[in-house]
$ cat input-v6.txt   # compact mmCIF, C-alpha atoms
# COMPACT_ATOMS: atom_id res chain seq x y z
CA MET A 442 -18.97 17.14 10.69
CA THR A 443 -15.26 17.13 11.57
CA SER A 444 -12.54 16.80 8.95
CA ARG A 445 -11.91 13.23 10.07
CA GLU A 446 -15.62 12.34 9.79
CA THR A 447 -15.86 13.95 6.35
CA LYS A 448 -12.75 12.16 5.14
CA GLN A 449 -14.07 8.87 6.50
CA ALA A 450 -17.43 9.44 4.78
CA LEU A 451 -15.66 10.09 1.46
CA ARG A 452 -13.52 6.96 1.97
CA GLU A 453 -16.62 4.83 2.64
CA PHE A 454 -18.39 6.35 -0.37
CA ALA A 455 -15.45 5.48 -2.63
CA MET A 456 -15.18 1.97 -1.22
CA ASN A 457 -18.79 1.22 -2.23
CA PHE A 458 -18.03 1.33 -5.95
CA PRO A 459 -17.79 -2.07 -7.68
CA GLY A 460 -14.28 -3.49 -7.40
CA ALA A 461 -13.00 -0.67 -5.16
CA TYR A 462 -10.37 -1.46 -2.54
CA GLU A 463 -8.01 0.46 -0.30
CA ALA A 464 -4.23 0.33 -0.51
CA PHE A 465 -1.44 2.17 1.31
CA PRO A 466 1.42 2.97 -1.08
CA TRP A 467 3.84 5.58 0.28
CA GLY A 468 2.07 5.27 3.66
CA GLU A 469 -1.01 7.04 2.32
CA SER A 470 -4.57 5.84 1.84
CA VAL A 471 -5.63 5.44 -1.79
CA ILE A 472 -8.73 3.85 -3.25
CA LYS A 473 -8.18 1.74 -6.35
CA VAL A 474 -10.16 -0.17 -8.93
CA ASN A 475 -8.54 -2.66 -11.28
CA LYS A 476 -5.11 -1.74 -9.80
CA LYS A 477 -5.63 1.94 -10.75
CA ILE A 478 -5.97 4.72 -8.19
CA PHE A 479 -9.09 6.85 -8.44
CA VAL A 480 -8.80 8.71 -5.10
CA PHE A 481 -5.72 9.75 -3.17
CA LEU A 482 -6.84 10.38 0.43
CA GLY A 483 -3.45 11.05 2.00
CA ALA A 484 -1.95 9.88 5.26
CA VAL A 485 -4.49 8.58 7.77
CA GLU A 486 -2.83 10.57 10.57
CA ASP A 487 -3.58 13.75 8.56
CA PHE A 488 -7.36 13.14 8.44
CA ASP A 489 -7.84 15.86 11.12
CA LYS A 490 -5.95 18.51 9.11
CA GLY A 491 -8.76 19.46 6.76
CA VAL A 492 -10.36 17.61 3.89
CA ASN A 493 -7.59 16.91 1.39
CA PHE A 494 -7.80 14.48 -1.52
CA THR A 495 -6.96 14.10 -5.19
CA VAL A 496 -9.21 12.83 -8.00
CA LYS A 497 -9.14 12.53 -11.79
CA LEU A 498 -11.71 14.87 -13.36
CA PRO A 499 -11.60 14.60 -17.16
CA VAL A 500 -15.09 16.13 -17.56
CA SER A 501 -15.46 18.69 -14.76
CA GLY A 502 -11.81 19.43 -14.04
CA ASP A 503 -11.78 22.91 -15.57
CA ASP A 504 -14.86 23.89 -13.57
CA ALA A 505 -13.46 22.32 -10.40
CA LEU A 506 -10.32 24.43 -10.70
CA ASN A 507 -12.44 27.59 -10.30
CA PHE A 508 -12.91 26.83 -6.60
CA PRO A 509 -10.45 28.47 -4.19
CA PHE A 510 -9.74 25.11 -2.51
CA THR A 511 -8.60 23.24 -5.65
CA ARG A 512 -5.47 23.19 -7.77
CA PRO A 513 -3.98 21.02 -10.50
CA SER A 514 -2.20 18.06 -8.92
CA GLY A 515 1.56 18.01 -8.72
CA TYR A 516 4.04 15.61 -10.31
CA ASN A 517 2.54 16.49 -13.73
CA LEU A 518 -0.71 14.71 -12.81
CA GLY A 519 -2.59 17.98 -13.33
CA LYS A 520 -1.86 17.75 -17.06
CA SER A 521 -3.83 14.50 -17.11
CA GLY A 522 -6.90 15.93 -15.37
CA TRP A 523 -5.99 15.22 -11.74
CA VAL A 524 -7.24 17.84 -9.27
CA THR A 525 -6.18 18.24 -5.66
CA VAL A 526 -8.65 19.51 -3.06
CA ARG A 527 -7.42 21.19 0.11
CA PHE A 528 -10.43 22.27 2.14
CA PRO A 529 -9.82 24.09 5.44
CA PRO A 530 -10.69 22.25 8.67
CA ASP A 531 -12.77 25.12 10.09
CA GLU A 532 -15.34 25.30 7.26
CA GLU A 533 -18.23 23.00 6.30
CA PRO A 534 -17.18 21.13 3.14
CA PRO A 535 -19.51 20.53 0.16
CA VAL A 536 -19.62 16.76 0.66
CA ASP A 537 -22.12 16.10 -2.14
CA LEU A 538 -19.88 17.90 -4.63
CA PHE A 539 -16.87 15.92 -3.41
CA LYS A 540 -18.82 12.67 -3.87
CA ARG A 541 -19.70 13.63 -7.46
CA TRP A 542 -16.01 14.22 -8.12
CA ILE A 543 -15.10 10.85 -6.62
CA GLU A 544 -17.68 9.15 -8.85
CA GLU A 545 -16.34 10.95 -11.93
CA SER A 546 -12.83 9.83 -11.01
CA TYR A 547 -14.02 6.24 -10.59
CA ARG A 548 -15.72 6.34 -13.98
CA ALA A 549 -12.52 7.74 -15.52
CA VAL A 550 -10.36 4.78 -14.46
CA ALA A 551 -12.69 1.79 -13.91
CA PRO A 552 -13.21 -0.85 -16.59
CA LYS A 553 -16.47 -0.54 -18.53
CA LYS A 554 -17.80 -3.81 -17.12
CA LEU A 555 -17.65 -2.35 -13.59
CA ILE A 556 -19.08 1.02 -14.64
CA GLU A 557 -22.06 -0.82 -16.13
CA ARG A 558 -22.79 -2.22 -12.66
CA LEU A 559 -23.37 1.26 -11.23
CA LYS A 560 -27.01 2.03 -10.52
CA ARG A 561 -28.11 5.23 -12.21

$ encode --input "input-v6.txt" --output "C-alpha cells"
Amino acid sequence: MTSRETKQALREFAMNFPGAYEAFPWGESVIKVNKKIFVFLGAVEDFDKGVNFTVKLPVSGDDALNFPFTRPSGYNLGKSGWVTVRFPPDEEPPVDLFKRWIEESYRAVAPKKLIERLKR
C-alpha cells in the first residue's frame, strides 16, 4: 500500500465515526467531531511523502511515544497528549495500530452521546 493509499484509508476510517467531518484549516486536512479536531492529516499534496498525522492519545500516548516514528506534537500540544506520527514512505505502516490511535483520539474529543453510538 502506498503512502497515499494508507493516508486515504486512515482518512476514510476516521470519517466513519459518528458526527465526523473533514475541514481544511490552514490548507490542511483535519477530521473533526463537534467542531473539535481529532486527527490532523496534513496537506493533501503531501499524502505521498510518508504517513504523517497527529492524534490525541490520553490513554496510550506514553506507549505510543516509544516508537521511533512518533514524537510529542509541537505548539505545546504534546503536553495535552497529542502525538505526531511520521512514518517513512518506503516501509509498510502498521495500519491497524494507527486506526486504534485514531479511535482513541475520537473518543477523547467526541461528546458522550456520539461515543455511545459506536459499536463495540

$ atom_distance --input "input-v6.txt" --atom1 "atom CA of A:Pro509" --atom2 "atom CA of A:Arg527"
9.0 Å

$ atom_distance --input "input-v6.txt" --atom1 "atom CA of A:Leu555" --atom2 "atom CA of A:Pro459"
5.9 Å

$ closest_residue --input "input-v6.txt" --among "A:Ser470, A:Asn507, A:Thr525, A:Gln449" --to "A:Ser546" --atoms "only C-alpha atoms"
A:Thr525

$ atom_distance --input "input-v6.txt" --atom1 "atom CA of A:Lys520" --atom2 "atom CA of A:Arg452"
24.8 Å

$ residues_around --input "input-v6.txt" --residues "A:Ile543" --least-positions-apart "5" --cutoff "9 Å" --atoms "only C-alpha atoms" --output "NGL selection string"
:A and (451 or 454-455 or 479-480 or 495-498 or 538 or 548)

$ closest_residue --input "input-v6.txt" --among "A:Pro552, A:Gly468, A:Gly491, A:Gly522" --to "A:Asp503" --atoms "all atoms listed in the file"
A:Gly522

$ closest_residue --input "input-v6.txt" --among "A:Ser514, A:Ser521, A:Ser501, A:Asn457" --to "A:Val474" --atoms "all atoms listed in the file"
A:Asn457

$ residues_around --input "input-v6.txt" --residues "A:Ala450" --least-positions-apart "5" --cutoff "12 Å" --atoms "all atoms listed in the file" --output "list in words"
Met442, Thr443, Ser444, Arg445, Ala455, Met456, Asn457, Leu482, Phe488, Val492, Pro534, Val536, Asp537, Phe539, Lys540 and Ile543 of chain A

$ closest_residue --input "input-v6.txt" --among "A:Glu557, A:Ala464, A:Val524, A:Gly483" --to "A:Asp504" --atoms "all atoms listed in the file"
A:Val524

$ closest_residue --input "input-v6.txt" --among "A:Ala505, A:Pro513, A:Leu518, A:Lys448" --to "A:Ala484" --atoms "only C-alpha atoms"
A:Lys448

$ closest_residue --input "input-v6.txt" --among "A:Phe465, A:Asn517, A:Gly460, A:Phe494" --to "A:Lys553" --atoms "all atoms listed in the file"
A:Gly460

$ decode --input "input-v6.txt" --residues "stretch 453-502 of chain A" --atoms "N, CA and C atoms" --output "CSV table (one decimal), in the first residue's frame"
chain,number,residue,atom,x,y,z
A,453,GLU,N,-10.6,7.8,5.5
A,453,GLU,CA,-11.9,7.1,5.4
A,453,GLU,C,-12.3,6.5,6.7
A,454,PHE,N,-11.4,5.8,7.4
A,454,PHE,CA,-11.7,5.2,8.7
A,454,PHE,C,-12.2,6.3,9.7
A,455,ALA,N,-11.5,7.4,9.7
A,455,ALA,CA,-11.8,8.5,10.6
A,455,ALA,C,-13.2,9.1,10.3
A,456,MET,N,-13.5,9.2,9.0
A,456,MET,CA,-14.7,9.8,8.6
A,456,MET,C,-16.0,8.9,8.9
A,457,ASN,N,-15.7,7.7,9.2
A,457,ASN,CA,-16.9,6.8,9.5
A,457,ASN,C,-17.4,6.9,10.9
A,458,PHE,N,-16.7,7.6,11.8
A,458,PHE,CA,-17.1,7.8,13.2
A,458,PHE,C,-18.4,8.7,13.2
A,459,PRO,N,-19.3,8.5,14.1
A,459,PRO,CA,-20.5,9.3,14.2
A,459,PRO,C,-20.1,10.8,14.3
A,460,GLY,N,-20.7,11.6,13.5
A,460,GLY,CA,-20.5,13.1,13.5
A,460,GLY,C,-19.2,13.6,12.9
A,461,ALA,N,-18.4,12.7,12.4
A,461,ALA,CA,-17.1,13.1,11.8
A,461,ALA,C,-17.3,13.8,10.5
A,462,TYR,N,-16.5,14.8,10.3
A,462,TYR,CA,-16.4,15.6,9.0
A,462,TYR,C,-15.1,16.2,8.8
A,463,GLU,N,-14.8,16.4,7.5
A,463,GLU,CA,-13.5,16.9,7.2
A,463,GLU,C,-13.5,18.5,7.0
A,464,ALA,N,-12.4,19.1,7.4
A,464,ALA,CA,-12.3,20.5,7.2
A,464,ALA,C,-10.9,20.8,6.8
A,465,PHE,N,-10.6,22.0,6.3
A,465,PHE,CA,-9.3,22.4,5.7
A,465,PHE,C,-8.8,23.7,6.3
A,466,PRO,N,-8.6,23.8,7.6
A,466,PRO,CA,-8.0,25.0,8.2
A,466,PRO,C,-6.5,25.0,7.8
A,467,TRP,N,-5.9,26.1,7.6
A,467,TRP,CA,-4.5,26.3,7.3
A,467,TRP,C,-4.1,25.5,6.0
A,468,GLY,N,-5.1,25.1,5.2
A,468,GLY,CA,-4.8,24.4,3.9
A,468,GLY,C,-4.5,22.9,4.2
A,469,GLU,N,-4.8,22.4,5.4
A,469,GLU,CA,-4.5,21.0,5.7
A,469,GLU,C,-5.8,20.3,6.0
A,470,SER,N,-5.8,19.0,5.7
A,470,SER,CA,-6.9,18.1,6.0
A,470,SER,C,-7.0,17.8,7.5
A,471,VAL,N,-8.1,18.1,8.2
A,471,VAL,CA,-8.3,17.6,9.5
A,471,VAL,C,-9.7,17.0,9.6
A,472,ILE,N,-9.8,16.0,10.5
A,472,ILE,CA,-11.1,15.4,10.7
A,472,ILE,C,-11.6,15.9,12.1
A,473,LYS,N,-12.8,16.3,12.1
A,473,LYS,CA,-13.4,16.9,13.3
A,473,LYS,C,-14.7,16.2,13.8
A,474,VAL,N,-15.0,16.3,15.0
A,474,VAL,CA,-16.3,15.9,15.6
A,474,VAL,C,-16.7,17.0,16.5
A,475,ASN,N,-17.9,17.5,16.4
A,475,ASN,CA,-18.4,18.5,17.3
A,475,ASN,C,-17.5,19.8,17.3
A,476,LYS,N,-17.0,20.1,16.2
A,476,LYS,CA,-16.1,21.3,16.0
A,476,LYS,C,-14.7,21.1,16.6
A,477,LYS,N,-14.4,19.9,17.0
A,477,LYS,CA,-13.1,19.7,17.6
A,477,LYS,C,-12.3,18.7,16.7
A,478,ILE,N,-11.1,19.0,16.5
A,478,ILE,CA,-10.2,18.2,15.7
A,478,ILE,C,-9.8,16.9,16.5
A,479,PHE,N,-9.9,15.7,15.8
A,479,PHE,CA,-9.4,14.5,16.4
A,479,PHE,C,-8.3,13.9,15.6
A,480,VAL,N,-8.1,14.3,14.3
A,480,VAL,CA,-7.0,13.9,13.5
A,480,VAL,C,-6.5,15.0,12.6
A,481,PHE,N,-5.2,15.3,12.7
A,481,PHE,CA,-4.6,16.2,11.7
A,481,PHE,C,-4.0,15.3,10.7
A,482,LEU,N,-4.4,15.4,9.4
A,482,LEU,CA,-3.8,14.6,8.4
A,482,LEU,C,-2.8,15.4,7.5
A,483,GLY,N,-2.7,16.7,7.6
A,483,GLY,CA,-1.7,17.4,6.9
A,483,GLY,C,-2.2,17.8,5.5
A,484,ALA,N,-1.3,18.4,4.7
A,484,ALA,CA,-1.7,18.9,3.4
A,484,ALA,C,-1.9,17.7,2.5
A,485,VAL,N,-3.0,17.8,1.7
A,485,VAL,CA,-3.3,16.7,0.8
A,485,VAL,C,-2.2,16.5,-0.2
A,486,GLU,N,-1.5,17.5,-0.7
A,486,GLU,CA,-0.4,17.3,-1.6
A,486,GLU,C,0.8,16.6,-1.0
A,487,ASP,N,0.8,16.5,0.3
A,487,ASP,CA,1.9,15.8,1.0
A,487,ASP,C,1.5,14.3,1.3
A,488,PHE,N,0.4,13.8,0.8
A,488,PHE,CA,0.0,12.4,1.1
A,488,PHE,C,1.0,11.4,0.5
A,489,ASP,N,1.8,11.8,-0.4
A,489,ASP,CA,2.8,10.8,-1.0
A,489,ASP,C,4.1,10.8,-0.2
A,490,LYS,N,4.2,11.7,0.8
A,490,LYS,CA,5.5,11.9,1.4
A,490,LYS,C,5.6,11.1,2.7
A,491,GLY,N,5.0,10.0,2.8
A,491,GLY,CA,5.0,9.2,4.0
A,491,GLY,C,3.7,9.3,4.7
A,492,VAL,N,3.5,8.5,5.7
A,492,VAL,CA,2.2,8.6,6.5
A,492,VAL,C,2.5,9.4,7.7
A,493,ASN,N,1.9,10.6,7.7
A,493,ASN,CA,2.1,11.6,8.7
A,493,ASN,C,0.8,12.1,9.2
A,494,PHE,N,0.6,12.0,10.5
A,494,PHE,CA,-0.7,12.5,11.1
A,494,PHE,C,-0.5,12.8,12.6
A,495,THR,N,-1.5,13.5,13.2
A,495,THR,CA,-1.4,13.8,14.6
A,495,THR,C,-2.7,13.4,15.3
A,496,VAL,N,-2.6,12.8,16.4
A,496,VAL,CA,-3.8,12.4,17.2
A,496,VAL,C,-3.7,12.6,18.7
A,497,LYS,N,-4.8,12.7,19.4
A,497,LYS,CA,-4.8,12.9,20.8
A,497,LYS,C,-4.9,11.5,21.5
A,498,LEU,N,-3.8,11.2,22.3
A,498,LEU,CA,-3.8,9.9,22.9
A,498,LEU,C,-3.6,10.0,24.4
A,499,PRO,N,-4.7,10.3,25.1
A,499,PRO,CA,-4.7,10.4,26.6
A,499,PRO,C,-4.4,9.1,27.3
A,500,VAL,N,-4.7,8.0,26.7
A,500,VAL,CA,-4.5,6.7,27.4
A,500,VAL,C,-3.2,6.0,26.9
A,501,SER,N,-3.0,5.9,25.6
A,501,SER,CA,-1.8,5.2,25.1
A,501,SER,C,-0.7,6.1,24.7
A,502,GLY,N,-0.7,7.4,25.0
A,502,GLY,CA,0.3,8.3,24.5
A,502,GLY,C,1.7,8.0,24.9
